[in-house]
Amino acid sequence: MLADMMRSPREPEMDRREIVEQLREGFARLAANPVSSRIHTREDLLREVFFDRYPAAMAVAAHDQPEEPIRSRLVSVPVPPPEGFTTADLPRLTEVVDGSFELEDGQVVMMAPATHWHDEVVYALKFGLRAVAPREFVIATEKGINLVESAPEPDVLVVSREAVSAVSLMFDPSDVHLAVEVVSPNTKTKDRKLRPLQYAEAGIKCFWRVENEDDEMVVYAFELLPEGGQYVPSGVFRKQLRLDRPFPIDVELPEITW
């Protein structure tokens, strides 16, 4: 900032050498007798030299300053051991990580906040599926899938009831019958490319990707090939969702409004 002030356009009588000399003398007085000096701090000295004596220059310097930087806060992200974290570390990680995160290839990856549209879709799917799900299934949201070195968290899951407890944080892939990802602007690549590969390799039989098309909920449904390892499309649904797997489903896809 000081350098910017000295480079800025100035009043006719303003001279760079004069400024330097005044600063040098002021710092010398401050160092020699900081208690009795009229100028008590470095900030006071700068204010006297620039604000009091050269107001026009200060106005220009203030105008030329960049926009206020984006405020930030420190988030504690644990340093993984050489072999990386595993899903066995999740209970301890949730105690020390300040924010939403996923475990990805042994690394803690922070998650961006979800949009309002995203949250409304998750809410609609959760309660729509819960209304028609057989007793042996539970509709969960944002719980991890145990892939040992990774624990992706689908937005909505259909899991076996016998695998669910009050303290469940994640489920084994064999207990997950459907994984649903609701695409947000900052998760397009992850939801469209990475997650289907992970879920297919884990053997999860059904995968849905929900897209926002002009604020309309559109469900792209996929089923795992019999030989595993890859999904094939099983339908694209607007307004009404009708599928036989993971259980018979016939529910309305409501308009997302607020």
# chains A, B, ... in the order shown; residues from 1 in each chain; ligands from 1
>>> residues_around(residues="stretch 156-171 of chain A", least_positions_apart="4", cutoff="10 Å", atoms="only C-alpha atoms", output="number ranges by chain")
A: 87, 90-91, 94, 121-123, 125-126, 129-130, 133-147, 151-152, 175-182, 206-208, 246-247
>>> select_by_dssp(residues="stretch 101-203 of chain A", states="alpha helix (DSSP H)", output="list of chain:residue names")
A:His116, A:Trp117, A:His118, A:Asp119, A:Glu120, A:Val121, A:Val122, A:Tyr123, A:Ala124, A:Leu125, A:Lys126, A:Phe127, A:Gly128, A:Leu129, A:Arg130, A:Ala131, A:Val132, A:Lys188, A:Thr189, A:Arg195, A:Pro196, A:Leu197, A:Gln198, A:Tyr199, A:Ala200, A:Glu201, A:Ala202
>>> residues_around(residues="stretch 229-236 of chain A", least_positions_apart="4", cutoff="7 Å", atoms="only C-alpha atoms", output="list in words")
Ala200, Glu201, Gly203, Val219, Tyr220, Ala221, Phe222, Glu223, Leu224 and Leu225 of chain A
>>> write_last_selection(atoms="C-alpha atoms", output="JSON list (two decimals), in the first residue's frame")
[["chain", "number", "residue", "atom", "x", "y", "z"],
["A", 200, "ALA", "CA", -20.77, -50.17, -10.79],
["A", 201, "GLU", "CA", -17.40, -51.56, -9.69],
["A", 203, "GLY", "CA", -21.71, -54.03, -7.54],
["A", 219, "VAL", "CA", -34.26, -38.93, -13.60],
["A", 220, "TYR", "CA", -31.78, -40.90, -15.71],
["A", 221, "ALA", "CA", -31.99, -44.49, -14.47],
["A", 222, "PHE", "CA", -29.34, -47.21, -14.95],
["A", 223, "GLU", "CA", -29.05, -50.90, -14.10],
["A", 224, "LEU", "CA", -25.94, -53.00, -13.62],
["A", 225, "LEU", "CA", -25.13, -55.51, -16.34]]
>>> atom_distance(atom1="atom CA of A:Pro173", atom2="atom CA of A:Ile204")
6.2 Å
